[in-house]
$ cat start.tsv   # TSV, N, CA and C atoms
chain	number	residue	atom	x	y	z
A	1	MET	N	-87.96	67.21	43.51
A	1	MET	CA	-86.96	68.26	43.55
A	1	MET	C	-87.21	69.22	42.39
A	2	GLN	N	-87.44	70.48	42.67
A	2	GLN	CA	-87.72	71.46	41.65
A	2	GLN	C	-86.43	72.08	41.14
A	3	ALA	N	-86.45	72.42	39.86
A	3	ALA	CA	-85.30	73.07	39.26
A	3	ALA	C	-85.27	74.52	39.69
A	4	GLN	N	-84.15	74.97	40.17
A	4	GLN	CA	-83.98	76.35	40.58
A	4	GLN	C	-83.65	77.20	39.36
A	5	ALA	N	-84.13	78.39	39.33
A	5	ALA	CA	-83.80	79.31	38.25
A	5	ALA	C	-82.36	79.78	38.42
A	6	ALA	N	-81.60	79.70	37.37
A	6	ALA	CA	-80.19	80.09	37.43
A	6	ALA	C	-80.06	81.60	37.29
A	7	LEU	N	-79.25	82.19	38.12
A	7	LEU	CA	-79.02	83.62	38.08
A	7	LEU	C	-77.56	83.84	37.68
A	8	ILE	N	-77.37	84.18	36.41
A	8	ILE	CA	-76.02	84.41	35.89
A	8	ILE	C	-75.98	85.82	35.33
A	9	SER	N	-75.10	86.59	35.82
A	9	SER	CA	-74.89	87.99	35.43
A	9	SER	C	-76.22	88.77	35.37
A	10	GLY	N	-77.05	88.55	36.37
A	10	GLY	CA	-78.26	89.34	36.50
A	10	GLY	C	-79.43	88.88	35.65
A	11	VAL	N	-79.31	87.75	34.90
A	11	VAL	CA	-80.39	87.29	34.04
A	11	VAL	C	-80.90	85.96	34.56
A	12	LYS	N	-82.21	85.86	34.73
A	12	LYS	CA	-82.80	84.61	35.19
A	12	LYS	C	-83.20	83.75	33.99
A	13	PHE	N	-82.86	82.45	34.04
A	13	PHE	CA	-83.28	81.52	33.01
A	13	PHE	C	-84.13	80.45	33.67
A	14	GLN	N	-85.36	80.31	33.19
A	14	GLN	CA	-86.24	79.29	33.72
A	14	GLN	C	-86.47	78.25	32.63
A	15	PRO	N	-85.97	77.02	32.83
A	15	PRO	CA	-85.96	76.03	31.76
A	15	PRO	C	-87.28	75.27	31.56
A	16	THR	N	-88.39	75.79	31.97
A	16	THR	CA	-89.65	75.05	31.87
A	16	THR	C	-89.98	74.71	30.41
A	17	ASN	N	-89.80	73.45	30.04
A	17	ASN	CA	-90.11	72.91	28.72
A	17	ASN	C	-89.42	73.63	27.57
A	18	ARG	N	-88.27	74.20	27.82
A	18	ARG	CA	-87.49	74.84	26.76
A	18	ARG	C	-86.07	74.30	26.83
A	19	ARG	N	-85.42	74.26	25.66
A	19	ARG	CA	-84.04	73.82	25.63
A	19	ARG	C	-83.13	74.96	26.05
A	20	ASP	N	-81.94	74.61	26.46
A	20	ASP	CA	-80.96	75.61	26.84
A	20	ASP	C	-80.51	76.36	25.59
A	21	PRO	N	-80.68	77.66	25.51
A	21	PRO	CA	-80.33	78.39	24.29
A	21	PRO	C	-78.82	78.47	24.04
A	22	PHE	N	-78.02	78.08	25.03
A	22	PHE	CA	-76.57	78.18	24.88
A	22	PHE	C	-75.94	76.87	24.42
A	23	LEU	N	-76.73	75.81	24.25
A	23	LEU	CA	-76.20	74.55	23.73
A	23	LEU	C	-76.13	74.62	22.21
A	24	ASP	N	-75.01	74.18	21.65
A	24	ASP	CA	-74.82	74.19	20.20
A	24	ASP	C	-75.39	72.88	19.64
A	25	LEU	N	-76.48	72.99	18.89
A	25	LEU	CA	-77.15	71.79	18.38
A	25	LEU	C	-76.30	71.07	17.34
A	26	VAL	N	-75.48	71.78	16.60
A	26	VAL	CA	-74.61	71.15	15.60
A	26	VAL	C	-73.61	70.22	16.29
A	27	LEU	N	-73.03	70.69	17.39
A	27	LEU	CA	-72.07	69.86	18.12
A	27	LEU	C	-72.76	68.66	18.77
A	28	LEU	N	-73.97	68.85	19.24
A	28	LEU	CA	-74.71	67.73	19.84
A	28	LEU	C	-74.97	66.65	18.80
A	29	ASN	N	-75.34	67.03	17.57
A	29	ASN	CA	-75.58	66.06	16.51
A	29	ASN	C	-74.29	65.36	16.09
A	30	LYS	N	-73.16	66.05	16.10
A	30	LYS	CA	-71.89	65.42	15.76
A	30	LYS	C	-71.52	64.36	16.78
A	31	ASN	N	-71.82	64.60	18.06
A	31	ASN	CA	-71.52	63.61	19.09
A	31	ASN	C	-72.33	62.35	18.88
A	32	VAL	N	-73.57	62.46	18.43
A	32	VAL	CA	-74.40	61.29	18.18
A	32	VAL	C	-73.84	60.49	17.00
A	33	ARG	N	-73.43	61.18	15.94
A	33	ARG	CA	-72.86	60.48	14.78
A	33	ARG	C	-71.54	59.83	15.13
A	34	ARG	N	-70.78	60.43	16.01
A	34	ARG	CA	-69.48	59.87	16.38
A	34	ARG	C	-69.67	58.50	17.05
A	35	ASP	N	-70.74	58.34	17.84
A	35	ASP	CA	-70.99	57.05	18.46
A	35	ASP	C	-71.27	55.98	17.41
A	36	GLU	N	-71.95	56.35	16.33
A	36	GLU	CA	-72.24	55.39	15.27
A	36	GLU	C	-70.98	55.00	14.52
A	37	ASP	N	-70.01	55.91	14.44
A	37	ASP	CA	-68.80	55.65	13.68
A	37	ASP	C	-67.64	55.16	14.53
A	38	GLU	N	-67.94	54.61	15.70
A	38	GLU	CA	-66.88	54.02	16.50
A	38	GLU	C	-66.48	52.68	15.90
A	39	GLU	N	-65.25	52.32	16.12
A	39	GLU	CA	-64.73	51.06	15.60
A	39	GLU	C	-65.29	49.90	16.43
A	40	VAL	N	-65.67	48.84	15.75
A	40	VAL	CA	-66.19	47.65	16.40
A	40	VAL	C	-65.05	46.93	17.11
A	41	SER	N	-65.31	46.40	18.28
A	41	SER	CA	-64.29	45.69	19.04
A	41	SER	C	-63.83	44.45	18.27
A	42	ARG	N	-62.55	44.19	18.31
A	42	ARG	CA	-61.97	43.05	17.60
A	42	ARG	C	-61.97	41.78	18.45
A	43	GLY	N	-62.31	41.91	19.70
A	43	GLY	CA	-62.33	40.74	20.58
A	43	GLY	C	-60.96	40.49	21.20
A	44	GLN	N	-60.77	39.28	21.68
A	44	GLN	CA	-59.53	38.89	22.35
A	44	GLN	C	-58.41	38.73	21.33
A	45	ALA	N	-57.26	39.31	21.62
A	45	ALA	CA	-56.12	39.22	20.71
A	45	ALA	C	-55.41	37.88	20.86
A	46	PRO	N	-55.10	37.22	19.74
A	46	PRO	CA	-54.36	35.95	19.82
A	46	PRO	C	-52.90	36.23	20.20
A	47	PRO	N	-52.17	35.23	20.64
A	47	PRO	CA	-50.77	35.44	21.00
A	47	PRO	C	-49.90	35.66	19.77
A	48	GLY	N	-48.74	36.26	19.98
A	48	GLY	CA	-47.79	36.46	18.90
A	48	GLY	C	-48.09	37.69	18.07
A	49	ILE	N	-47.49	37.72	16.89
A	49	ILE	CA	-47.62	38.88	16.01
A	49	ILE	C	-49.05	39.06	15.51
A	50	ALA	N	-49.81	38.00	15.44
A	50	ALA	CA	-51.20	38.10	14.98
A	50	ALA	C	-52.08	38.84	15.98
A	51	GLY	N	-51.60	39.04	17.18
A	51	GLY	CA	-52.36	39.76	18.20
A	51	GLY	C	-51.84	41.15	18.47
A	52	MET	N	-50.95	41.65	17.61
A	52	MET	CA	-50.37	42.98	17.81
A	52	MET	C	-50.91	43.96	16.78
A	53	TYR	N	-51.10	45.20	17.23
A	53	TYR	CA	-51.53	46.26	16.33
A	53	TYR	C	-50.34	46.76	15.51
A	54	ILE	N	-50.62	47.34	14.35
A	54	ILE	CA	-49.57	47.86	13.48
A	54	ILE	C	-48.75	48.93	14.22
A	55	ALA	N	-49.40	49.73	15.04
A	55	ALA	CA	-48.70	50.78	15.78
A	55	ALA	C	-47.75	50.22	16.83
A	56	GLN	N	-47.93	48.97	17.24
A	56	GLN	CA	-47.11	48.38	18.28
A	56	GLN	C	-45.83	47.74	17.75
A	57	VAL	N	-45.73	47.50	16.45
A	57	VAL	CA	-44.56	46.82	15.90
A	57	VAL	C	-43.62	47.82	15.25
A	58	LYS	N	-42.33	47.48	15.24
A	58	LYS	CA	-41.32	48.35	14.67
A	58	LYS	C	-40.54	47.57	13.63
A	59	LEU	N	-40.34	48.17	12.47
A	59	LEU	CA	-39.58	47.54	11.40
A	59	LEU	C	-38.10	47.56	11.76
A	60	GLN	N	-37.47	46.38	11.79
A	60	GLN	CA	-36.06	46.26	12.15
A	60	GLN	C	-35.16	45.98	10.96
A	61	GLY	N	-35.68	45.26	9.95
A	61	GLY	CA	-34.85	44.94	8.80
A	61	GLY	C	-35.66	44.32	7.68
A	62	ILE	N	-35.01	44.21	6.50
A	62	ILE	CA	-35.65	43.63	5.33
A	62	ILE	C	-34.64	42.71	4.65
A	63	SER	N	-35.10	41.52	4.28
A	63	SER	CA	-34.26	40.56	3.57
A	63	SER	C	-34.89	40.30	2.21
A	64	ILE	N	-34.12	40.56	1.14
A	64	ILE	CA	-34.63	40.33	-0.22
A	64	ILE	C	-33.69	39.35	-0.91
A	65	ARG	N	-34.23	38.22	-1.32
A	65	ARG	CA	-33.50	37.22	-2.11
A	65	ARG	C	-34.35	36.91	-3.32
A	66	GLU	N	-33.79	36.17	-4.22
A	66	GLU	CA	-34.55	35.80	-5.42
A	66	GLU	C	-35.80	35.04	-5.01
A	67	GLY	N	-36.94	35.59	-5.35
A	67	GLY	CA	-38.20	34.91	-5.10
A	67	GLY	C	-38.73	35.01	-3.69
A	68	SER	N	-37.98	35.60	-2.75
A	68	SER	CA	-38.52	35.72	-1.40
A	68	SER	C	-38.12	37.05	-0.78
A	69	GLN	N	-39.07	37.65	-0.10
A	69	GLN	CA	-38.85	38.90	0.60
A	69	GLN	C	-39.38	38.74	2.02
A	70	LEU	N	-38.58	39.11	2.99
A	70	LEU	CA	-38.98	39.02	4.40
A	70	LEU	C	-38.78	40.38	5.06
A	71	ALA	N	-39.70	40.73	5.94
A	71	ALA	CA	-39.56	41.93	6.75
A	71	ALA	C	-39.43	41.47	8.20
A	72	VAL	N	-38.45	42.03	8.89
A	72	VAL	CA	-38.22	41.68	10.29
A	72	VAL	C	-38.83	42.77	11.15
A	73	PHE	N	-39.78	42.39	11.98
A	73	PHE	CA	-40.45	43.32	12.89
A	73	PHE	C	-40.13	42.95	14.32
A	74	ARG	N	-40.02	43.97	15.18
A	74	ARG	CA	-39.90	43.75	16.62
A	74	ARG	C	-41.26	44.06	17.21
A	75	GLY	N	-41.83	43.07	17.89
A	75	GLY	CA	-43.15	43.22	18.46
A	75	GLY	C	-43.13	43.88	19.82
A	76	SER	N	-44.31	44.10	20.37
A	76	SER	CA	-44.42	44.72	21.69
A	76	SER	C	-43.90	43.80	22.79
A	77	ASP	N	-43.76	42.51	22.50
A	77	ASP	CA	-43.19	41.57	23.46
A	77	ASP	C	-41.66	41.47	23.33
A	78	ASN	N	-41.07	42.36	22.51
A	78	ASN	CA	-39.63	42.47	22.31
A	78	ASN	C	-39.03	41.25	21.61
A	79	ARG	N	-39.83	40.55	20.83
A	79	ARG	CA	-39.36	39.43	20.02
A	79	ARG	C	-39.32	39.84	18.56
A	80	ALA	N	-38.49	39.14	17.78
A	80	ALA	CA	-38.39	39.40	16.35
A	80	ALA	C	-39.34	38.47	15.60
A	81	TYR	N	-40.03	39.03	14.61
A	81	TYR	CA	-40.96	38.26	13.78
A	81	TYR	C	-40.61	38.49	12.32
A	82	PHE	N	-40.62	37.42	11.54
A	82	PHE	CA	-40.30	37.48	10.11
A	82	PHE	C	-41.61	37.36	9.34
A	83	LEU	N	-41.97	38.41	8.62
A	83	LEU	CA	-43.25	38.44	7.92
A	83	LEU	C	-43.04	38.54	6.41
A	84	GLN	N	-43.95	37.90	5.68
A	84	GLN	CA	-43.97	37.98	4.23
A	84	GLN	C	-45.21	38.76	3.81
A	85	GLU	N	-45.30	39.07	2.52
A	85	GLU	CA	-46.48	39.76	2.01
A	85	GLU	C	-47.71	38.89	2.26
A	86	GLY	N	-48.75	39.50	2.77
A	86	GLY	CA	-49.99	38.79	3.05
A	86	GLY	C	-50.13	38.34	4.50
A	87	ASP	N	-49.05	38.35	5.27
A	87	ASP	CA	-49.14	37.95	6.69
A	87	ASP	C	-49.96	38.96	7.46
A	88	LYS	N	-50.72	38.45	8.45
A	88	LYS	CA	-51.68	39.28	9.18
A	88	LYS	C	-51.15	39.73	10.53
A	89	LEU	N	-51.56	40.94	10.88
A	89	LEU	CA	-51.42	41.46	12.23
A	89	LEU	C	-52.84	41.60	12.76
A	90	PHE	N	-52.99	42.10	14.01
A	90	PHE	CA	-54.32	42.14	14.61
A	90	PHE	C	-55.26	43.11	13.89
A	91	ASP	N	-54.73	44.22	13.39
A	91	ASP	CA	-55.59	45.21	12.74
A	91	ASP	C	-55.25	45.43	11.28
A	92	GLY	N	-54.52	44.49	10.66
A	92	GLY	CA	-54.19	44.67	9.25
A	92	GLY	C	-53.32	43.57	8.71
A	93	PHE	N	-52.62	43.87	7.61
A	93	PHE	CA	-51.76	42.88	6.98
A	93	PHE	C	-50.63	43.56	6.22
A	94	VAL	N	-49.61	42.76	5.86
A	94	VAL	CA	-48.48	43.26	5.08
A	94	VAL	C	-48.87	43.22	3.61
A	95	LYS	N	-48.84	44.38	2.96
A	95	LYS	CA	-49.24	44.45	1.55
A	95	LYS	C	-48.04	44.32	0.62
A	96	LYS	N	-46.96	45.07	0.88
A	96	LYS	CA	-45.82	45.09	-0.04
A	96	LYS	C	-44.54	45.31	0.74
A	97	ILE	N	-43.50	44.56	0.39
A	97	ILE	CA	-42.18	44.73	0.98
A	97	ILE	C	-41.26	45.30	-0.09
A	98	ASN	N	-40.70	46.49	0.17
A	98	ASN	CA	-39.76	47.15	-0.74
A	98	ASN	C	-38.36	47.05	-0.16
A	99	ALA	N	-37.38	47.61	-0.85
A	99	ALA	CA	-35.99	47.52	-0.40
A	99	ALA	C	-35.74	48.29	0.90
A	100	ASP	N	-36.46	49.40	1.13
A	100	ASP	CA	-36.23	50.19	2.33
A	100	ASP	C	-37.49	50.48	3.14
A	101	SER	N	-38.61	49.88	2.77
A	101	SER	CA	-39.86	50.14	3.50
A	101	SER	C	-40.83	48.98	3.34
A	102	VAL	N	-41.84	48.98	4.19
A	102	VAL	CA	-42.90	47.97	4.14
A	102	VAL	C	-44.23	48.71	4.15
A	103	LEU	N	-45.11	48.33	3.23
A	103	LEU	CA	-46.44	48.93	3.16
A	103	LEU	C	-47.42	47.99	3.86
A	104	LEU	N	-48.08	48.52	4.89
A	104	LEU	CA	-49.06	47.77	5.67
A	104	LEU	C	-50.43	48.38	5.44
A	105	VAL	N	-51.47	47.57	5.53
A	105	VAL	CA	-52.84	48.06	5.38
A	105	VAL	C	-53.56	47.82	6.70
A	106	ARG	N	-54.06	48.92	7.30
A	106	ARG	CA	-54.84	48.82	8.53
A	106	ARG	C	-56.32	48.80	8.15
A	107	GLU	N	-57.02	47.81	8.64
A	107	GLU	CA	-58.45	47.66	8.34
A	107	GLU	C	-59.26	47.93	9.60
A	108	ALA	N	-60.38	48.65	9.44
A	108	ALA	CA	-61.26	48.95	10.55
A	108	ALA	C	-62.70	48.79	10.10
A	109	LYS	N	-63.51	48.23	10.97
A	109	LYS	CA	-64.94	48.09	10.70
A	109	LYS	C	-65.68	48.95	11.72
A	110	LEU	N	-66.56	49.83	11.23
A	110	LEU	CA	-67.28	50.75	12.09
A	110	LEU	C	-68.67	50.20	12.41
A	111	ARG	N	-69.25	50.73	13.48
A	111	ARG	CA	-70.59	50.29	13.88
A	111	ARG	C	-71.64	50.59	12.83
A	112	SER	N	-71.40	51.63	12.05
A	112	SER	CA	-72.36	52.00	11.02
A	112	SER	C	-72.33	51.04	9.83
A	113	GLY	N	-71.38	50.09	9.83
A	113	GLY	CA	-71.27	49.13	8.74
A	113	GLY	C	-70.18	49.45	7.74
A	114	LYS	N	-69.61	50.63	7.84
A	114	LYS	CA	-68.55	51.01	6.92
A	114	LYS	C	-67.28	50.25	7.24
A	115	GLU	N	-66.51	49.95	6.19
A	115	GLU	CA	-65.21	49.33	6.37
A	115	GLU	C	-64.16	50.29	5.81
A	116	LEU	N	-63.21	50.64	6.65
A	116	LEU	CA	-62.16	51.58	6.25
A	116	LEU	C	-60.83	50.85	6.15
A	117	SER	N	-60.01	51.29	5.21
A	117	SER	CA	-58.65	50.76	5.14
A	117	SER	C	-57.71	51.94	4.97
A	118	GLN	N	-56.56	51.83	5.62
A	118	GLN	CA	-55.57	52.90	5.62
A	118	GLN	C	-54.21	52.28	5.36
A	119	GLU	N	-53.48	52.82	4.40
A	119	GLU	CA	-52.15	52.32	4.11
A	119	GLU	C	-51.13	53.03	4.99
A	120	ILE	N	-50.27	52.25	5.63
A	120	ILE	CA	-49.24	52.77	6.53
A	120	ILE	C	-47.89	52.26	6.03
A	121	THR	N	-46.96	53.17	5.86
A	121	THR	CA	-45.62	52.81	5.42
A	121	THR	C	-44.67	52.88	6.60
A	122	LYS	N	-43.99	51.79	6.86
A	122	LYS	CA	-42.94	51.75	7.88
A	122	LYS	C	-41.61	51.71	7.13
A	123	ARG	N	-40.73	52.63	7.46
A	123	ARG	CA	-39.44	52.73	6.77
A	123	ARG	C	-38.31	52.29	7.70
A	124	LEU	N	-37.27	51.76	7.07
A	124	LEU	CA	-36.06	51.43	7.82
A	124	LEU	C	-35.37	52.71	8.22
A	125	ARG	N	-34.82	52.71	9.38
A	125	ARG	CA	-34.07	53.88	9.83
A	125	ARG	C	-32.69	53.85	9.17
A	126	THR	N	-32.40	54.91	8.45
A	126	THR	CA	-31.12	54.97	7.75
A	126	THR	C	-30.17	55.91	8.49
A	127	PRO	N	-28.86	55.60	8.51
A	127	PRO	CA	-27.92	56.45	9.25
A	127	PRO	C	-27.70	57.79	8.61
$ encode --input "start.tsv" --output "structure tokens"
Amino acid sequence: MQAQAALISGVKFQPTNRRDPFLDLVLLNKNVRRDEDEEVSRGQAPPGIAGMYIAQVKLQGISIREGSQLAVFRGSDNRAYFLQEGDKLFDGFVKKINADSVLLVREAKLRSGKELSQEITKRLRTP
């Protein structure tokens, strides 16, 4: 099957061994790099809060007593989970529990070998 010459607005383009002059090479190179920087699959999610993403959970309450701090999260399965500092979710962990907010760290590993971490603050809804 032979390539037909394209006739656009009166100009013929014959692509014999030449690249398309209208393709942006910078954008093409960015698309290649984007594939390298995709996040590596985490595999099968375990049941419970350990299998939920940070974006899927909602902060419902915080309990602070002497020597213990708990954060109450509602998961995507509509159950309540009580988490302490250091407890893990599927894509991160609880870093710090404050009086009105919880600091979570989202961890991601890219195909290029880079490891990224992002701090996410979930705040209690105040009236």
$ residues_near_point --input "start.tsv" --point "(-40.6, 36.7, 19.7)" --cutoff "12 Å" --atoms "only C-alpha atoms" --output "list in words"
Pro47, Gly48, Ile49, Ala50, Met52, Val57, Val72, Phe73, Arg74, Gly75, Ser76, Asp77, Asn78, Arg79, Ala80, Tyr81 and Phe82 of chain A
$ residues_around --input "start.tsv" --residues "stretch 103-115 of chain A" --least-positions-apart "5" --cutoff "8 Å" --atoms "all atoms listed in the file" --output "ChimeraX atom specification"
/A:35-41,54,90-98,120-123
$ atom_distance --input "start.tsv" --atom1 "atom CA of A:Asp100" --atom2 "atom CA of A:Gly61"
8.4 Å
$ atom_distance --input "start.tsv" --atom1 "atom CA of A:Leu83" --atom2 "atom CA of A:Ser117"
19.9 Å
$ select_by_dssp --input "start.tsv" --residues "stretch 59-98 of chain A" --states "strand (DSSP E or B)" --output "JSON, numbers by chain"
{"A": [59, 60, 61, 62, 63, 64, 65, 68, 69, 70, 71, 72, 73, 74, 80, 81, 82, 83, 88, 89, 92, 93, 94, 95, 96, 97]}
$ atom_distance --input "start.tsv" --atom1 "atom CA of A:Tyr53" --atom2 "atom CA of A:Arg65"
27.3 Å
$ select_by_dssp --input "start.tsv" --residues "stretch 19-118 of chain A" --states "alpha helix (DSSP H)" --output "ChimeraX atom specification"
/A:25-36
$ write_last_selection --input "start.tsv" --atoms "N, CA and C atoms" --output "compact mmCIF listing (two decimals), in the coordinates of the input"
# COMPACT_ATOMS: atom_id res chain seq x y z
N LEU A 25 -76.48 72.99 18.89
CA LEU A 25 -77.15 71.79 18.38
C LEU A 25 -76.30 71.07 17.34
N VAL A 26 -75.48 71.78 16.60
CA VAL A 26 -74.61 71.15 15.60
C VAL A 26 -73.61 70.22 16.29
N LEU A 27 -73.03 70.69 17.39
CA LEU A 27 -72.07 69.86 18.12
C LEU A 27 -72.76 68.66 18.77
N LEU A 28 -73.97 68.85 19.24
CA LEU A 28 -74.71 67.73 19.84
C LEU A 28 -74.97 66.65 18.80
N ASN A 29 -75.34 67.03 17.57
CA ASN A 29 -75.58 66.06 16.51
C ASN A 29 -74.29 65.36 16.09
N LYS A 30 -73.16 66.05 16.10
CA LYS A 30 -71.89 65.42 15.76
C LYS A 30 -71.52 64.36 16.78
N ASN A 31 -71.82 64.60 18.06
CA ASN A 31 -71.52 63.61 19.09
C ASN A 31 -72.33 62.35 18.88
N VAL A 32 -73.57 62.46 18.43
CA VAL A 32 -74.40 61.29 18.18
C VAL A 32 -73.84 60.49 17.00
N ARG A 33 -73.43 61.18 15.94
CA ARG A 33 -72.86 60.48 14.78
C ARG A 33 -71.54 59.83 15.13
N ARG A 34 -70.78 60.43 16.01
CA ARG A 34 -69.48 59.87 16.38
C ARG A 34 -69.67 58.50 17.05
N ASP A 35 -70.74 58.34 17.84
CA ASP A 35 -70.99 57.05 18.46
C ASP A 35 -71.27 55.98 17.41
N GLU A 36 -71.95 56.35 16.33
CA GLU A 36 -72.24 55.39 15.27
C GLU A 36 -70.98 55.00 14.52
